[in-house]
Each structure stands twice: as structure tokens, then as C-alpha cells.
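model_27.csv follows; it contains CSV, C-alpha atoms.
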```
chain,number,residue,atom,x,y,z
A,1,MET,CA,62.1,106.6,106.5
A,2,ASN,CA,60.8,103.0,106.4
A,3,ALA,CA,61.6,102.3,102.8
A,4,PRO,CA,64.1,99.6,102.0
A,5,VAL,CA,67.7,100.8,101.8
A,6,GLU,CA,67.7,100.1,98.0
A,7,GLN,CA,65.0,102.8,97.7
A,8,GLN,CA,66.4,105.2,100.3
A,9,PHE,CA,69.9,105.2,98.8
A,10,LEU,CA,70.3,105.5,95.1
A,11,THR,CA,73.7,107.0,95.4
A,12,LEU,CA,76.7,107.0,97.8
A,13,GLN,CA,76.1,110.7,98.3
A,14,GLU,CA,72.8,110.0,99.9
A,15,ILE,CA,74.5,107.6,102.3
A,16,VAL,CA,77.0,110.2,103.4
A,17,ALA,CA,74.2,112.8,103.9
A,18,ALA,CA,72.2,110.3,106.0
A,19,ALA,CA,75.3,109.6,108.2
A,20,LYS,CA,75.8,113.3,108.8
A,21,SER,CA,72.2,113.6,109.8
A,22,ASN,CA,72.2,110.6,112.1
A,23,LEU,CA,75.6,110.9,113.9
A,24,PRO,CA,76.2,113.1,116.9
A,25,PRO,CA,78.8,115.9,116.4
A,26,GLY,CA,81.6,114.0,118.2
A,27,PRO,CA,81.5,110.7,116.3
A,28,TRP,CA,80.9,112.6,113.0
A,29,SER,CA,84.0,114.8,113.5
A,30,TYR,CA,86.0,111.8,114.6
A,31,LEU,CA,85.0,109.9,111.4
A,32,ILE,CA,85.7,112.6,108.9
A,33,GLY,CA,88.6,114.5,110.5
A,34,GLY,CA,92.4,114.2,110.4
A,35,ALA,CA,95.5,115.5,112.1
A,36,GLU,CA,96.1,119.2,112.7
A,37,THR,CA,95.6,121.1,109.4
A,38,GLU,CA,94.1,118.0,107.7
A,39,THR,CA,96.5,118.5,104.8
A,40,THR,CA,97.2,114.8,104.4
A,41,VAL,CA,93.4,114.1,104.3
A,42,LYS,CA,93.1,116.6,101.4
A,43,ARG,CA,96.1,115.2,99.6
A,44,ASN,CA,94.6,111.8,99.7
A,45,ARG,CA,91.7,113.1,97.6
A,46,HIS,CA,93.9,115.4,95.5
A,47,ALA,CA,96.1,112.5,94.4
A,48,LEU,CA,93.0,110.6,93.2
A,49,ASP,CA,91.5,113.7,91.6
A,50,CYS,CA,94.7,114.3,89.6
A,51,ILE,CA,94.3,111.0,87.7
A,52,ALA,CA,92.1,110.8,84.6
A,53,PHE,CA,91.0,107.8,82.6
A,54,ARG,CA,92.1,106.8,79.0
A,55,PRO,CA,89.1,104.7,77.8
A,56,ARG,CA,89.3,102.2,75.0
A,57,VAL,CA,86.2,101.6,72.9
A,58,LEU,CA,84.7,99.0,70.6
A,59,ARG,CA,85.5,96.2,73.0
A,60,ASP,CA,82.9,93.6,73.9
A,61,VAL,CA,82.1,94.5,77.5
A,62,SER,CA,78.7,92.9,77.6
A,63,ARG,CA,79.9,90.9,80.6
A,64,VAL,CA,82.1,92.5,83.3
A,65,ASP,CA,83.6,90.7,86.3
A,66,CYS,CA,84.4,92.9,89.3
A,67,SER,CA,85.5,90.0,91.5
A,68,ALA,CA,89.0,89.5,93.0
A,69,THR,CA,90.9,87.3,95.4
A,70,PHE,CA,92.1,87.8,99.0
A,71,PHE,CA,95.0,85.5,99.9
A,72,GLY,CA,93.6,83.1,97.2
A,73,LYS,CA,90.0,83.2,98.4
A,74,PRO,CA,87.4,84.7,96.0
A,75,ILE,CA,85.8,88.0,97.0
A,76,ARG,CA,83.1,90.0,95.3
A,77,LEU,CA,85.2,93.2,94.9
A,78,PRO,CA,88.9,94.1,95.3
A,79,VAL,CA,87.8,95.9,98.5
A,80,MET,CA,88.4,95.3,102.2
A,81,LEU,CA,86.7,96.9,105.2
A,82,ALA,CA,89.7,98.8,106.6
A,83,PRO,CA,90.4,98.7,110.3
A,84,ILE,CA,88.6,101.5,112.3
A,85,GLY,CA,88.9,102.1,116.0
A,86,GLY,CA,85.7,102.8,117.9
A,87,LEU,CA,83.1,101.7,115.4
A,88,GLU,CA,80.9,101.1,118.4
A,89,SER,CA,80.5,104.9,118.7
A,90,ILE,CA,79.1,104.9,115.2
A,91,VAL,CA,76.8,101.9,115.2
A,92,GLU,CA,75.4,99.6,117.8
A,93,GLY,CA,77.4,96.4,117.8
A,94,GLY,CA,80.5,98.1,116.3
A,95,ALA,CA,82.8,95.7,114.5
A,96,ALA,CA,80.4,92.8,114.8
A,97,THR,CA,77.8,94.7,112.8
A,98,ALA,CA,80.4,95.5,110.2
A,99,ALA,CA,81.3,91.8,110.1
A,100,ARG,CA,77.8,90.8,109.3
A,101,ALA,CA,77.6,93.3,106.4
A,102,ALA,CA,81.0,92.1,105.1
A,103,ALA,CA,79.8,88.5,105.2
A,104,GLN,CA,76.5,89.2,103.6
A,105,PHE,CA,78.0,91.1,100.7
A,106,GLY,CA,81.2,89.1,100.3
A,107,VAL,CA,84.3,91.2,101.1
A,108,PRO,CA,86.9,90.7,103.8
A,109,GLN,CA,87.0,92.6,107.1
A,110,MET,CA,90.2,93.7,108.9
A,111,LEU,CA,89.4,94.1,112.5
A,112,SER,CA,91.1,96.8,114.6
A,113,SER,CA,92.4,95.7,118.0
A,114,VAL,CA,90.9,98.9,119.5
A,115,CYS,CA,87.4,98.2,118.1
A,116,GLN,CA,84.7,96.6,120.2
A,117,PRO,CA,83.3,94.0,120.8
A,118,GLY,CA,86.7,92.5,120.4
A,119,LEU,CA,88.3,89.7,118.6
A,120,GLU,CA,86.3,86.7,119.8
A,121,GLN,CA,82.8,88.3,119.6
A,122,THR,CA,83.4,89.9,116.2
A,123,ALA,CA,84.6,86.5,114.8
A,124,ALA,CA,81.5,84.8,116.2
A,125,ALA,CA,79.2,87.4,114.6
A,126,ALA,CA,79.6,86.2,111.0
A,127,GLN,CA,81.5,83.8,108.8
A,128,THR,CA,83.6,86.1,106.7
A,129,ILE,CA,87.2,86.3,105.4
A,130,ARG,CA,88.9,88.2,108.2
A,131,SER,CA,92.3,89.7,109.0
A,132,PHE,CA,93.4,91.0,112.4
A,133,GLN,CA,95.1,94.4,112.9
A,134,LEU,CA,97.1,95.0,116.1
A,135,TYR,CA,98.3,98.1,117.8
A,136,VAL,CA,101.1,96.9,120.0
A,137,ARG,CA,100.4,97.6,123.6
A,138,GLY,CA,102.5,94.9,125.3
A,139,ASP,CA,105.7,92.8,125.1
A,140,ASP,CA,106.4,89.9,122.8
A,141,ALA,CA,104.4,87.4,124.8
A,142,TRP,CA,101.4,89.8,124.6
A,143,VAL,CA,101.7,90.0,120.8
A,144,ASP,CA,102.0,86.2,120.6
A,145,ASP,CA,98.8,85.8,122.6
A,146,PHE,CA,96.9,87.9,120.1
A,147,VAL,CA,98.4,85.8,117.3
A,148,ARG,CA,97.2,82.7,119.0
A,149,ARG,CA,93.7,84.1,119.6
A,150,ALA,CA,93.5,85.4,116.0
A,151,LYS,CA,94.3,81.9,114.6
A,152,ASP,CA,91.9,80.2,117.0
A,153,ASN,CA,89.1,82.5,115.8
A,154,GLY,CA,89.6,82.1,112.1
A,155,PHE,CA,91.6,85.2,111.2
A,156,THR,CA,93.7,84.1,108.3
A,157,SER,CA,96.2,87.0,108.3
A,158,PHE,CA,97.8,89.4,110.8
A,159,CYS,CA,98.5,93.1,110.4
A,160,LEU,CA,100.9,95.4,112.3
A,161,THR,CA,100.1,99.1,112.0
A,162,VAL,CA,103.4,101.0,112.0
A,163,ASP,CA,102.5,104.7,111.5
A,164,VAL,CA,101.3,105.4,115.1
A,165,ALA,CA,104.6,105.7,117.0
A,166,SER,CA,103.0,108.8,118.5
A,167,TYR,CA,99.3,109.6,118.6
A,168,SER,CA,98.5,112.7,116.6
A,169,ARG,CA,96.6,115.9,117.5
A,170,ARG,CA,93.2,115.5,115.9
A,171,GLU,CA,91.9,119.0,116.3
A,172,ARG,CA,88.2,118.4,115.3
A,173,ASP,CA,88.1,116.1,118.3
A,174,LEU,CA,89.9,118.5,120.6
A,175,VAL,CA,87.8,121.6,119.6
A,176,GLY,CA,84.6,119.6,119.9
A,177,ARG,CA,85.8,118.2,123.3
A,178,PHE,CA,85.0,114.7,122.0
A,179,VAL,CA,86.6,112.2,124.4
A,180,LYS,CA,86.7,109.0,122.5
A,181,PRO,CA,85.6,106.2,124.9
A,182,TRP,CA,88.3,103.8,123.5
A,183,ARG,CA,91.1,106.4,123.8
A,184,ALA,CA,92.0,105.5,127.4
A,185,ARG,CA,92.4,101.9,126.4
A,186,ALA,CA,94.5,102.8,123.5
A,187,LEU,CA,96.9,104.9,125.6
A,188,GLU,CA,97.7,102.0,127.9
A,189,GLY,CA,101.0,100.5,126.9
A,190,ALA,CA,101.6,103.0,124.1
A,191,ALA,CA,105.3,103.0,124.7
A,192,PHE,CA,105.4,99.5,123.2
A,193,GLN,CA,104.1,100.9,119.9
A,194,ALA,CA,106.6,103.7,120.0
A,195,ALA,CA,109.4,101.1,120.4
A,196,LEU,CA,108.2,98.9,117.6
A,197,SER,CA,111.0,98.3,115.0
A,198,TRP,CA,112.0,95.9,112.2
A,199,ASP,CA,113.4,93.6,114.9
A,200,GLN,CA,109.8,92.8,116.0
A,201,VAL,CA,108.9,92.2,112.3
A,202,LYS,CA,111.7,89.7,112.0
A,203,ARG,CA,110.7,88.0,115.2
A,204,PHE,CA,107.1,87.7,114.0
A,205,LYS,CA,108.2,86.2,110.7
A,206,ASP,CA,110.6,83.7,112.5
A,207,LYS,CA,108.0,82.6,115.0
A,208,HIS,CA,104.5,82.7,113.3
A,209,ASP,CA,103.1,81.2,110.1
A,210,LEU,CA,100.2,83.7,109.6
A,211,PRO,CA,100.7,86.0,106.6
A,212,LEU,CA,102.0,89.3,107.8
A,213,ILE,CA,100.7,92.7,106.6
A,214,ILE,CA,102.6,95.9,107.4
A,215,LYS,CA,100.2,98.8,107.4
A,216,GLY,CA,101.4,102.4,107.2
A,217,ILE,CA,104.1,102.1,104.5
A,218,ALA,CA,104.5,105.5,102.8
A,219,THR,CA,108.0,105.3,101.1
A,220,VAL,CA,109.9,103.1,98.7
A,221,GLU,CA,112.6,102.7,101.3
A,222,ASP,CA,110.3,101.1,103.9
A,223,ALA,CA,108.6,99.0,101.2
A,224,ARG,CA,112.0,97.7,100.3
A,225,LEU,CA,112.7,96.8,104.0
A,226,ALA,CA,109.3,95.1,104.3
A,227,VAL,CA,110.0,92.9,101.4
A,228,GLN,CA,113.5,92.1,102.7
A,229,HIS,CA,111.8,90.9,105.9
A,230,GLY,CA,109.5,88.6,104.1
A,231,VAL,CA,106.3,90.5,104.6
A,232,GLN,CA,103.5,89.2,102.5
A,233,VAL,CA,101.6,92.5,102.1
A,234,VAL,CA,102.9,96.1,101.9
A,235,TYR,CA,99.9,98.1,102.9
A,236,VAL,CA,100.3,101.7,101.6
A,237,SER,CA,98.5,104.0,104.1
A,238,ASN,CA,98.9,107.3,105.9
A,239,HIS,CA,96.1,106.4,108.4
A,240,GLY,CA,93.6,108.3,106.4
A,241,GLY,CA,95.4,111.5,107.1
A,242,ARG,CA,94.9,111.0,110.8
A,243,GLN,CA,98.5,110.7,111.9
A,244,LEU,CA,101.3,112.6,110.2
A,245,ASP,CA,100.1,115.9,108.8
A,246,HIS,CA,101.5,117.3,105.5
A,247,GLY,CA,102.2,113.8,104.2
A,248,LEU,CA,101.8,112.8,100.6
A,249,GLY,CA,98.6,111.2,99.4
A,250,SER,CA,98.5,107.4,99.4
A,251,THR,CA,97.8,107.3,95.7
A,252,ALA,CA,100.7,109.6,94.9
A,253,VAL,CA,103.2,107.2,96.4
A,254,LEU,CA,101.5,104.0,95.2
A,255,PRO,CA,103.1,103.7,91.8
A,256,GLU,CA,106.7,103.9,93.0
A,257,ILE,CA,106.0,101.4,95.8
A,258,VAL,CA,104.4,99.0,93.3
A,259,ARG,CA,107.5,99.2,91.1
A,260,GLU,CA,109.8,98.6,94.1
A,261,VAL,CA,107.8,95.6,95.5
A,262,GLY,CA,107.2,94.0,92.1
A,263,LYS,CA,106.0,90.4,92.5
A,264,LYS,CA,107.8,89.9,95.8
A,265,ALA,CA,104.7,90.9,97.9
A,266,GLU,CA,101.2,92.2,97.4
A,267,VAL,CA,100.5,95.9,97.6
A,268,TRP,CA,97.3,97.2,99.3
A,269,VAL,CA,96.3,100.8,99.7
A,270,ASP,CA,93.8,103.0,101.6
A,271,GLY,CA,93.4,106.7,102.0
A,272,GLY,CA,90.5,108.7,100.6
A,273,TYR,CA,88.9,105.9,98.5
A,274,MET,CA,85.2,106.8,98.3
A,275,ARG,CA,84.0,105.9,94.8
A,276,GLY,CA,84.1,103.0,92.4
A,277,SER,CA,86.3,105.0,90.1
A,278,ASP,CA,88.8,105.5,92.9
A,279,VAL,CA,89.1,101.7,93.4
A,280,VAL,CA,89.6,101.2,89.7
A,281,LYS,CA,92.4,103.8,89.7
A,282,ALA,CA,94.2,102.0,92.5
A,283,ILE,CA,93.9,98.6,90.8
A,284,ALA,CA,95.2,100.1,87.5
A,285,LEU,CA,98.2,101.4,89.4
A,286,GLY,CA,99.0,97.9,90.7
A,287,ALA,CA,97.3,97.6,94.1
A,288,LYS,CA,95.8,94.2,94.8
A,289,THR,CA,93.3,95.3,97.5
A,290,VAL,CA,91.8,98.7,98.4
A,291,GLY,CA,90.8,99.4,102.0
A,292,ILE,CA,87.7,101.5,102.6
A,293,GLY,CA,87.6,103.1,106.1
A,294,ARG,CA,85.6,106.3,106.2
A,295,LEU,CA,83.1,104.9,103.7
A,296,THR,CA,82.5,101.9,106.0
A,297,GLY,CA,81.9,104.2,108.9
A,298,LEU,CA,79.6,106.5,107.0
A,299,ALA,CA,77.5,103.6,105.7
A,300,LEU,CA,77.2,102.1,109.1
A,301,GLY,CA,76.2,105.5,110.5
A,302,ALA,CA,73.6,105.9,107.8
A,303,ALA,CA,71.8,102.7,108.2
A,304,GLY,CA,73.8,100.1,110.1
A,305,ALA,CA,74.6,96.8,108.5
A,306,PRO,CA,72.0,97.2,105.7
A,307,GLY,CA,73.5,100.6,105.0
A,308,LEU,CA,77.0,99.1,104.6
A,309,VAL,CA,75.7,96.4,102.3
A,310,ARG,CA,74.0,99.0,100.2
A,311,ALA,CA,77.1,101.1,100.0
A,312,LEU,CA,79.1,98.1,98.8
A,313,GLU,CA,76.4,97.4,96.2
A,314,LEU,CA,76.6,100.9,94.9
A,315,LEU,CA,80.4,100.7,94.9
A,316,GLU,CA,80.1,97.5,92.9
A,317,GLU,CA,77.8,99.2,90.3
A,318,GLU,CA,80.2,102.1,90.0
A,319,ILE,CA,83.2,99.8,89.5
A,320,ARG,CA,81.3,97.7,86.9
A,321,ILE,CA,80.3,100.8,84.9
A,322,CYS,CA,83.8,102.2,85.1
A,323,LEU,CA,85.4,99.0,83.8
A,324,ALA,CA,82.9,98.7,81.0
A,325,LEU,CA,83.5,102.3,79.9
A,326,LEU,CA,87.2,101.8,80.0
A,327,GLY,CA,86.8,98.9,77.6
A,328,VAL,CA,87.8,96.1,80.0
A,329,THR,CA,85.9,93.1,81.3
A,330,SER,CA,87.9,92.3,84.4
A,331,LEU,CA,90.2,93.9,86.9
A,332,ALA,CA,93.1,91.9,85.5
A,333,GLU,CA,92.9,93.8,82.3
A,334,LEU,CA,93.6,97.2,84.0
A,335,THR,CA,97.1,98.7,83.5
A,336,PRO,CA,98.6,102.2,84.0
A,337,GLN,CA,97.9,102.8,80.3
A,338,HIS,CA,94.3,103.3,81.3
A,339,LEU,CA,95.3,106.4,83.3
A,340,ALA,CA,96.8,109.8,82.7
A,341,ALA,CA,97.8,112.7,84.8
A,342,ALA,CA,95.4,115.6,84.7
A,343,PRO,CA,94.7,118.7,86.8
A,344,ALA,CA,92.1,118.4,89.5
A,345,VAL,CA,88.8,120.2,88.7
A,346,SER,CA,87.8,121.0,92.3
A,347,VAL,CA,89.4,121.8,95.7
A,348,ALA,CA,90.1,118.5,97.5
A,349,ASP,CA,88.6,117.7,100.9
A,350,THR,CA,87.2,114.7,102.6
A,351,PHE,CA,84.0,114.9,100.6
A,352,SER,CA,85.2,116.2,97.2
A,353,ALA,CA,84.1,112.9,95.8
A,354,PHE,CA,80.5,113.9,96.6
A,355,PRO,CA,79.9,117.2,94.9
A,356,LEU,CA,76.1,117.2,95.5
A,357,LEU,CA,76.4,117.3,99.3
```
The structure in this file should be written as C-alpha cells.
Amino acid sequence: MNAPVEQQFLTLQEIVAAAKSNLPPGPWSYLIGGAETETTVKRNRHALDCIAFRPRVLRDVSRVDCSATFFGKPIRLPVMLAPIGGLESIVEGGAATAARAAAQFGVPQMLSSVCQPGLEQTAAAAQTIRSFQLYVRGDDAWVDDFVRRAKDNGFTSFCLTVDVASYSRRERDLVGRFVKPWRARALEGAAFQAALSWDQVKRFKDKHDLPLIIKGIATVEDARLAVQHGVQVVYVSNHGGRQLDHGLGSTAVLPEIVREVGKKAEVWVDGGYMRGSDVVKAIALGAKTVGIGRLTGLALGAAGAPGLVRALELLEEEIRICLALLGVTSLAELTPQHLAAAPAVSVADTFSAFPLL
């Protein structure tokens, strides 16, 4: 289809359908799958589906502002492109293509250290707000070198992912015999990731001045430790259900972590966020930024950088409408009082946010 993406894709559901049509079975299964029984994947969606809205009416919502900030810098939505390994298997140019879309639309990108074309080339691809996420595959000097390179290339924050002490069994990949091209690289030095501890967090904080994000926090106890170590961002995540099977959904643990952290650090979240209403729920629960991972990959698989820009435009429209119908004019007005517990109305899975598929 040669029509502009604005005409091709009137809904996010159409973007997902196009990605499924375009992507080979291996990359598709990698993108949508999770660990073992994929229970955590389903619980990510179930936790969101069990929250209903409590709208207020007769408020002047003729002007609605969806913008937010990211370490003090203005961004168009409270959304970040979450780090994804192997984007190069989904779209030509991989992370560089995603960077161009992020810059065009106006949201930050968090670059995964196992995503090509790598740190320098991705940074050179576009002028965007960017954060670097590291899987530890070497000693302290190896980590320090990545910090130096990140700073030299305009990355304004640094993230350690901490929920990958052991690589999971992702059975969609195994059954499909999909050998991820980046997997061999990721295995090299994996023992360093397994040995990662709070000692390395302390060392990072003592040595480096980049804001530190700890991604993979799933309990109040670890959120408390992160704050005690001076971490600037507690990133609530279960790796999109790709690591520990039978975990709780990210949204289910978000409220208690927000209460524990208070104003001592920011709380970010990812895990199953597909629609504008999902983002609104997270912000109302106290998250500052919402990471979108699968949706990023799906949009890139559908139509490259223009597809991702279009997905973000549709997400923005959904957020704007949701805020207006809740009776608020900005994200800052959202509170837990806009939410209520409610039974889910459908069986949760990766795509239960898209019932027309």
C-alpha cells in the first residue's frame, strides 16, 4: 500500500495487524512472546484490565495537555521507547531507525546495549533525548568504558537492567527454532550479569555523575534498597514477561512501590502498555514515565520509522481523549481517585488490548 501512514493506519490495531503480516515467524514470535508459560505476559495485561476509570464531568477540558518532562526536559508524551534487544531483526537500521522516529515525534529513547547498530551510530542517527541501558558483560573497567562512551555521545542517563541474572527459556523461540543473531553476543560474559549486586550499584553512584536508573524492580523491598543507594529512577519492570515466569503484573506492584519510593526518586514502569488508556492508568498510579517496548517493535515492523511515528500519534490521541473524558486537562491532575478496581471483561493475553484482531 502506497498511501501515507496516516491513511493506512487509523488505529493501533491496524499497526499490529500490519506487523504480523510483514514480519517473518521468528522475529514475530520473539517480539510477542515471553518465558515458558507466558503467565507473566498475561498478568501484565490482566493487571491493567482490572482497573476501571472514575470520570469527573462538567469540567472545562477544551484544552488538554499530554506533555511531560524527562529529567527536566520537555517531551510530547509521558512515554519512552523502552530498550529492546535485536531491533535490527525487525526493521532495517534497528535502533537508529527507532531513534529517528523518537526525535521526529518528541519522546526519549532508551537504547539497549544488545541492539545494533550500537551506541555511537544510534546517537549519530538523530538528536533525541536518550538514555543508555546496559547488560553487564565485563568487569568494572568495562562498565566504566560504557559510561564514558554514553556521556561522550549525549546520553544523559544510564540504566542497569537487573532482572536477567539468568537468561530465561522463551519457548516460542525454541519451538520455532529461531536463533536470535544477537544471542551469541549476549551470552559472552553473562557471568558478570549473574554476579551483579548492590555493591556495583554503590560503586556506580560513588564514581559516576550520570543519573542512574535501575530497571527490573518488582518488589517494595528492592525499591527501598534502590532509594537507599541513591538511585534516581526505580524502573518497575518484569522484562515484559520475558524473564521470570509466574511473576506479578507490573501494574499490580506499581502502587505499593510508588508509596514506598515517595518523592525520593522517580518511578517508571513498563510491561504490557499498549494503549493510551494504559498510559493514563500508570500516570494516575504515580508513575512518571511509561516504557513502550512491544508497541515500538510492532510499529517498526509495520512501517519502519513512519510507522512508529504514527503509532505515537495514535497513542497521543488516545491519551488526549482519555484525559478529557476523565475531566482533567493535564497529566498532573491525575490521581488514584480517577481509578477503581474492576473485574476484567476478557481473557488477558499479549493482544487483549486489540479485540478486533
(Q) My list of candidates is A:Asp349, A:Glu88, A:Asp209, A:Asp173. Which is closest to Phe158 in chain A when distances are computed with only C-alpha atoms? (A)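 So, comparing all the options, the nearest one is A:Asp209.
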Q | Gly241 in chain A surroundings by only C-alpha atoms, 12 Å radius, close-in-sequence under 3 positions cut, as a ChimeraX atom specification | A | /A:31-45,163-164,168-170,216,218,237-238,244-250,270-272,293-294,349-350
Q: Choose the residue, out of A:Leu325, A:Val147, A:Ala18, A:Val290, that has the smallest atom-to-atom separation from Leu134 in chain A; count only C-alpha atoms.
A: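 When distances to Leu134 in chain A are compared using only C-alpha atoms, the smallest one comes from A:Val147.
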Q. CA of Tyr235 in chain A and CA of Glu266 in chain A, how far apart in Å?
A.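 Calculated distance between CA of Glu266 in chain A and CA of Tyr235 in chain A is 8.2 Å.
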**Q.** Closest of A:Ser113, A:Ser197, A:Ser352, A:Thr97 to Ala47 in chain A - atom-to-atom distances counting all atoms listed in the file
**A.** A:Ser352
(Q) Which residue is closest to Ser67 in chain A? Choose from A:Gly230, A:Pro27, A:Thr329, A:Gln127 and count only C-alpha atoms. (A) A:Thr329
**Q.** Between CA of Leu308 in chain A and CA of Gly72 in chain A, distance in Å (one decimal)
**A.** 24.2 Å
Q) Using only C-alpha atoms, which residue out of A:Arg149, A:Arg137, A:Arg54, A:Arg172 lies closest to Leu187 in chain A? A)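 Nearest candidate to Leu187 in chain A out of A:Arg149, A:Arg137, A:Arg54, A:Arg172: A:Arg137.
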Q) With distances taken over only C-alpha atoms, which of A:Val114, A:Ile90, A:Cys322, A:Ala98 is nearest to Cys66 in chain A? A)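 Once distances to Cys66 in chain A are computed over only C-alpha atoms, the minimum belongs to A:Cys322.
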